[in-house]
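Right, one structure below, let's go through it.
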Amino acid sequence: MNIDRLLAQWAQRQRERQDLPLRVRTWNGRDVNLGAEARLTVTLNGPGALRHLVGMNLGGLAAAYIEGDLDLEGSVWDAMALASQMTADAPPSRPRWRLPRAHSRRVDAEAIRYHYDVSNDFYGLWLDRNMVYSCGYFRTGHEDIHQAQEQKLDHICRKLMLKPGDRLLDIGCGWGGLIRWATKNYGVRATGITLSRNQHEYARERIASEGLADRCEVLFCDYRDLPGEGVYDKIASVGMFEHVGLKNLPVYFGTARRLLKEGGLMLNHGITNPESVRSAKGLDAGDFIDRYVFPHGELPSISRTVQEMGREDLEVADVECLRSHYAQTLMHWVMRLEANAERARAIAGEKRYRIWRLYMAACAQNFAQGGVTIHQVLSSKQTGHGLSSLPWTRAHLYHAEAPRDPAQLRDPESLRVPAQQSGGL
């Protein structure tokens, strides 16, 4: 069929269904508008991208964008909204459970290197001043990313009831933000572990420059190889267990049990699959992330997480959902990446910039719509029959940070995509 005719027929079908703020531009310079006002322009650089567009294959369109077969002009948030609008009539899809994968030390190390050993400078363009690459914690929703991440670090420290002299282990410590924060503000002796060479080098440099080397260290090792038994008073794992693999959850939590003292506390902070069949409309972020961002990642449900922890004598005391917090965090990251687009392209290349921009925008949408979620789970090692040492209530967590002004309490409808300047994607 003639390409112009195919595009015209497809565009006519779309216009009959709804008015879309989209302009499609072909490689031969033809423009087709799908609505009265075009806020987003899709430029097709070849027939392959046209096939994905006509077939409404959003995964294929995302790949075409990443590989340069398709260009976008306009706001990334308009692109996400348009994807949702164009798939609004599609029936809700159940999560596609993949077969559990083998997570050997070699496979896990390669996956970590692929994602994290891009460039510390690249991540530094859009992360906060402590280089925390996980969900922030918002008390009012008006905080900048620096304050939100420091609130998150403190929230974790308070949950773990850290005190001077405690031995803290951070499994998957990233660039060392939590261990440095806990050492400086809570007087602990902290150890972090990572499989990223870039993170390891950066964390060591920050620890030394801040004068913490006598109380804080970071090791380059796999969590399964960390020696000892009953070594640590408290264990944190923040944004790491997504890399563990479903089959390895018993090994992961069993390792934490071995390393933790009796009665010690563990906080596991990680992305989870929602229990319901809700699925965010638009780009299937799971498939996209597996291909381009986090190879071999697997997300358990919160019920399975709690079950696996219980089997390893990690008695769950508290579960907190931070889904809206991660949507807000991702919006901040996208804005900061966009603001540093030229520098990001120079450091990591056009393709990497496109991957991270699209991935984080799609994840923001996915968290906002409930297609994926995130939980902090606090537990204590209870192999005997005694009571936990945790307080009777959670008052120690929230009393000091509760908003005094009712206007500061977050309305469920207040989670908004930030205002964006239009620009090339």
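Chain labels follow the order of the structure tokens: the first chain is A, the next B, and so on; residue numbering restarts at 1 in every chain, and ligands are counted from 1 in their shown order.
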Practice prompt. Write out as an MDAnalysis selection string all residues of region 53-204 of chain A that backbone DSSP assigns to alpha helix (DSSP H).
Written response: chainID A and resid 53:54 58:67 76:86 105:116 120:124 145:159 177:186 197:204
Worksheet item: Which residues, written as a ChimeraX atom specification, have at least one atom at most 12 Å from region 203-211 of chain A, with only C-alpha atoms counted and residues fewer than 4 positions away on the same chain left out?
Response: /A:120,129-132,172-184,190-194,196-199,215-220
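Near Glu308 (chain A), within a cut-off of 9 Å and counting only C-alpha atoms, sit the residues Leu249, Pro250, Phe253, Ser303 and Leu314 of chain A, with same-chain residues fewer than 5 positions away left out.
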For the residues in that selection, give me all heavy atoms as a PDB file, in the first residue's frame.
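Output saved as part23.pdb:
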ATOM      1  N   LEU A 249      15.436 -14.692  46.519  1.00  0.00           N
ATOM      2  CA  LEU A 249      14.929 -13.989  47.691  1.00  0.00           C
ATOM      3  C   LEU A 249      15.256 -14.731  48.994  1.00  0.00           C
ATOM      4  O   LEU A 249      15.645 -14.088  49.983  1.00  0.00           O
ATOM      5  CB  LEU A 249      13.426 -13.754  47.566  1.00  0.00           C
ATOM      6  CG  LEU A 249      13.012 -12.679  46.557  1.00  0.00           C
ATOM      7  CD1 LEU A 249      11.497 -12.610  46.444  1.00  0.00           C
ATOM      8  CD2 LEU A 249      13.573 -11.311  46.921  1.00  0.00           C
ATOM      9  N   PRO A 250      15.122 -16.068  49.052  1.00  0.00           N
ATOM     10  CA  PRO A 250      15.513 -16.752  50.294  1.00  0.00           C
ATOM     11  C   PRO A 250      16.996 -16.575  50.615  1.00  0.00           C
ATOM     12  O   PRO A 250      17.366 -16.434  51.787  1.00  0.00           O
ATOM     13  CB  PRO A 250      15.175 -18.224  49.999  1.00  0.00           C
ATOM     14  CG  PRO A 250      14.116 -18.169  48.960  1.00  0.00           C
ATOM     15  CD  PRO A 250      14.477 -17.000  48.097  1.00  0.00           C
ATOM     16  N   PHE A 253      17.395 -12.707  51.859  1.00  0.00           N
ATOM     17  CA  PHE A 253      16.945 -12.464  53.226  1.00  0.00           C
ATOM     18  C   PHE A 253      17.649 -13.393  54.217  1.00  0.00           C
ATOM     19  O   PHE A 253      17.848 -13.011  55.380  1.00  0.00           O
ATOM     20  CB  PHE A 253      15.432 -12.614  53.318  1.00  0.00           C
ATOM     21  CG  PHE A 253      14.674 -11.489  52.671  1.00  0.00           C
ATOM     22  CD1 PHE A 253      13.784 -11.731  51.623  1.00  0.00           C
ATOM     23  CD2 PHE A 253      14.850 -10.178  53.098  1.00  0.00           C
ATOM     24  CE1 PHE A 253      13.095 -10.690  51.027  1.00  0.00           C
ATOM     25  CE2 PHE A 253      14.158  -9.124  52.500  1.00  0.00           C
ATOM     26  CZ  PHE A 253      13.277  -9.388  51.462  1.00  0.00           C
ATOM     27  N   SER A 303       3.326  -8.989  49.230  1.00  0.00           N
ATOM     28  CA  SER A 303       2.949 -10.163  50.020  1.00  0.00           C
ATOM     29  C   SER A 303       4.056 -11.216  49.980  1.00  0.00           C
ATOM     30  O   SER A 303       4.380 -11.837  51.001  1.00  0.00           O
ATOM     31  CB  SER A 303       1.634 -10.763  49.511  1.00  0.00           C
ATOM     32  OG  SER A 303       1.746 -11.187  48.162  1.00  0.00           O
ATOM     33  N   LEU A 314      12.738 -12.920  60.041  1.00  0.00           N
ATOM     34  CA  LEU A 314      12.716 -11.462  60.034  1.00  0.00           C
ATOM     35  C   LEU A 314      11.259 -11.040  60.233  1.00  0.00           C
ATOM     36  O   LEU A 314      10.470 -10.995  59.293  1.00  0.00           O
ATOM     37  CB  LEU A 314      13.283 -10.911  58.728  1.00  0.00           C
ATOM     38  CG  LEU A 314      14.750 -11.259  58.450  1.00  0.00           C
ATOM     39  CD1 LEU A 314      15.148 -10.835  57.038  1.00  0.00           C
ATOM     40  CD2 LEU A 314      15.672 -10.619  59.481  1.00  0.00           C
TER      41      LEU A 314
END
Worksheet item: Taking into account only C-alpha atoms, which residue in the set A:Leu70, A:Cys221, A:Leu387, A:Met240 is nearest to Asn45 (chain A)?
Response: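 Going through A:Leu70, A:Cys221, A:Leu387, A:Met240 one by one, the smallest distance to Asn45 (chain A) is for A:Leu70.
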Fill in: Spatial neighbours of Ala361 (chain A), max dist 9 Å, only C-alpha atoms, sep filter under 5 positions, as a ChimeraX atom specification
/A:76-77,80,330-331,333-334,356,366
Written file, previous selection with C-alpha atoms, as a short mmCIF file (atom, residue, chain, number, x, y, z; two decimals), in the first residue's frame:
data_model
loop_
_atom_site.label_atom_id
_atom_site.label_comp_id
_atom_site.auth_asym_id
_atom_site.auth_seq_id
_atom_site.Cartn_x
_atom_site.Cartn_y
_atom_site.Cartn_z
CA VAL A 76 7.99 14.47 27.47
CA TRP A 77 4.94 14.74 29.73
CA MET A 80 3.28 10.24 28.20
CA LEU A 330 11.00 10.85 39.13
CA MET A 331 9.41 14.10 38.03
CA TRP A 333 14.85 13.79 38.10
CA VAL A 334 13.39 14.30 34.62
CA TRP A 356 17.02 7.79 30.77
CA ASN A 366 3.52 4.20 36.02
#
Fill in: Polymer residues at most 7 Å from His269 (chain A), only C-alpha atoms, same-chain spacing of 5 or more positions, as a VMD selection string
chain A and resid 237 to 239 375 to 377
According to DSSP computed on the backbone, where in region 199-324 of chain A is there strand (DSSP E or B)? Give the residues as a short mmCIF file (atom, residue, chain, number, x, y, z; two decimals) with N, CA, C and O atoms, in the first residue's frame.
data_model
loop_
_atom_site.label_atom_id
_atom_site.label_comp_id
_atom_site.auth_asym_id
_atom_site.auth_seq_id
_atom_site.Cartn_x
_atom_site.Cartn_y
_atom_site.Cartn_z
N CYS A 216 33.40 4.82 58.68
CA CYS A 216 32.56 4.54 57.52
C CYS A 216 33.41 3.95 56.41
O CYS A 216 34.49 4.45 56.10
N GLU A 217 32.92 2.87 55.80
CA GLU A 217 33.67 2.22 54.73
C GLU A 217 32.72 1.68 53.68
O GLU A 217 31.54 1.42 53.95
N VAL A 218 33.24 1.50 52.47
CA VAL A 218 32.46 0.88 51.41
C VAL A 218 33.30 -0.22 50.78
O VAL A 218 34.49 -0.03 50.51
N LEU A 219 32.70 -1.38 50.60
CA LEU A 219 33.38 -2.55 50.08
C LEU A 219 32.84 -2.89 48.70
O LEU A 219 31.64 -2.74 48.44
N PHE A 220 33.70 -3.39 47.84
CA PHE A 220 33.29 -3.87 46.52
C PHE A 220 33.09 -5.37 46.62
O PHE A 220 34.05 -6.15 46.57
N TYR A 232 26.07 -7.20 62.59
CA TYR A 232 25.50 -5.85 62.48
C TYR A 232 24.26 -5.69 63.37
O TYR A 232 23.43 -6.60 63.48
N ASP A 233 24.16 -4.51 63.96
CA ASP A 233 22.97 -4.18 64.75
C ASP A 233 21.78 -3.84 63.87
O ASP A 233 20.64 -4.15 64.21
N LYS A 234 22.08 -3.18 62.73
CA LYS A 234 21.02 -2.74 61.83
C LYS A 234 21.48 -2.96 60.38
O LYS A 234 22.66 -2.82 60.06
N ILE A 235 20.52 -3.30 59.52
CA ILE A 235 20.79 -3.49 58.09
C ILE A 235 19.76 -2.69 57.29
O ILE A 235 18.56 -2.74 57.58
N ALA A 236 20.25 -1.97 56.30
CA ALA A 236 19.37 -1.28 55.35
C ALA A 236 19.68 -1.81 53.95
O ALA A 236 20.81 -2.15 53.63
N SER A 237 18.65 -1.89 53.14
CA SER A 237 18.80 -2.22 51.72
C SER A 237 17.82 -1.34 50.97
O SER A 237 16.60 -1.49 51.11
N VAL A 238 18.35 -0.41 50.20
CA VAL A 238 17.51 0.62 49.58
C VAL A 238 17.67 0.56 48.06
O VAL A 238 18.73 0.86 47.52
N LEU A 260 22.77 -10.27 60.74
CA LEU A 260 22.11 -9.42 61.72
C LEU A 260 22.16 -10.06 63.11
O LEU A 260 22.00 -11.27 63.27
N LYS A 261 22.37 -9.21 64.11
CA LYS A 261 22.33 -9.69 65.49
C LYS A 261 20.90 -10.04 65.89
O LYS A 261 19.93 -9.52 65.33
N GLU A 262 20.75 -10.92 66.88
CA GLU A 262 19.43 -11.23 67.40
C GLU A 262 18.76 -9.96 67.90
O GLU A 262 19.36 -9.17 68.65
N GLY A 263 17.53 -9.73 67.46
CA GLY A 263 16.80 -8.53 67.84
C GLY A 263 17.14 -7.31 67.00
O GLY A 263 16.53 -6.26 67.17
N GLY A 264 18.13 -7.47 66.10
CA GLY A 264 18.50 -6.36 65.23
C GLY A 264 17.42 -6.06 64.21
O GLY A 264 16.55 -6.89 63.93
N LEU A 265 17.51 -4.86 63.62
CA LEU A 265 16.48 -4.39 62.70
C LEU A 265 16.99 -4.38 61.26
O LEU A 265 18.15 -4.06 61.01
N MET A 266 16.11 -4.71 60.33
CA MET A 266 16.40 -4.59 58.91
C MET A 266 15.30 -3.78 58.24
O MET A 266 14.11 -4.03 58.47
N LEU A 267 15.70 -2.83 57.40
CA LEU A 267 14.74 -2.09 56.59
C LEU A 267 15.02 -2.39 55.12
O LEU A 267 16.12 -2.15 54.62
N ASN A 268 14.01 -2.96 54.46
CA ASN A 268 14.10 -3.26 53.02
C ASN A 268 13.21 -2.28 52.26
O ASN A 268 12.00 -2.23 52.47
N HIS A 269 13.84 -1.49 51.40
CA HIS A 269 13.15 -0.46 50.62
C HIS A 269 13.28 -0.85 49.16
O HIS A 269 14.38 -0.89 48.62
N GLY A 270 12.15 -1.19 48.50
CA GLY A 270 12.27 -1.63 47.12
C GLY A 270 10.96 -1.55 46.35
O GLY A 270 9.87 -1.53 46.92
N ILE A 271 11.09 -1.53 45.03
CA ILE A 271 9.94 -1.49 44.13
C ILE A 271 9.28 -2.87 44.11
O ILE A 271 9.95 -3.90 44.09
N THR A 272 7.96 -2.87 44.11
CA THR A 272 7.20 -4.11 44.12
C THR A 272 6.12 -4.09 43.06
O THR A 272 5.66 -3.01 42.64
N ASN A 273 5.72 -5.27 42.64
CA ASN A 273 4.58 -5.40 41.74
C ASN A 273 3.29 -5.21 42.53
O ASN A 273 3.16 -5.75 43.64
N SER A 301 5.93 -9.19 44.64
CA SER A 301 4.82 -8.47 45.28
C SER A 301 5.18 -8.20 46.73
O SER A 301 6.10 -8.81 47.29
N LEU A 314 12.74 -12.92 60.04
CA LEU A 314 12.72 -11.46 60.03
C LEU A 314 11.26 -11.04 60.23
O LEU A 314 10.47 -10.99 59.29
N GLU A 315 10.91 -10.78 61.47
CA GLU A 315 9.51 -10.48 61.84
C GLU A 315 9.14 -9.08 61.38
O GLU A 315 9.73 -8.09 61.83
N VAL A 316 8.17 -8.99 60.48
CA VAL A 316 7.77 -7.69 59.92
C VAL A 316 7.00 -6.89 60.95
O VAL A 316 6.02 -7.37 61.53
N ALA A 317 7.47 -5.66 61.17
CA ALA A 317 6.84 -4.79 62.16
C ALA A 317 6.11 -3.62 61.51
O ALA A 317 5.19 -3.06 62.11
N ASP A 318 6.52 -3.23 60.31
CA ASP A 318 5.95 -2.02 59.71
C ASP A 318 6.11 -2.09 58.19
O ASP A 318 7.18 -2.47 57.70
N VAL A 319 5.06 -1.74 57.47
CA VAL A 319 5.10 -1.67 56.01
C VAL A 319 4.55 -0.30 55.60
O VAL A 319 3.45 0.08 56.01
N GLU A 320 5.31 0.42 54.79
CA GLU A 320 4.89 1.75 54.33
C GLU A 320 5.00 1.83 52.82
O GLU A 320 6.05 1.52 52.25
N CYS A 321 3.92 2.25 52.18
CA CYS A 321 3.90 2.43 50.74
C CYS A 321 4.32 3.86 50.40
O CYS A 321 3.79 4.83 50.96
#
Worksheet entry | Of the listed residues A:Leu153, A:Asp313, A:Asp170, A:His325, that which approaches His385 (chain A) most closely, counting only C-alpha atoms | A:Asp313
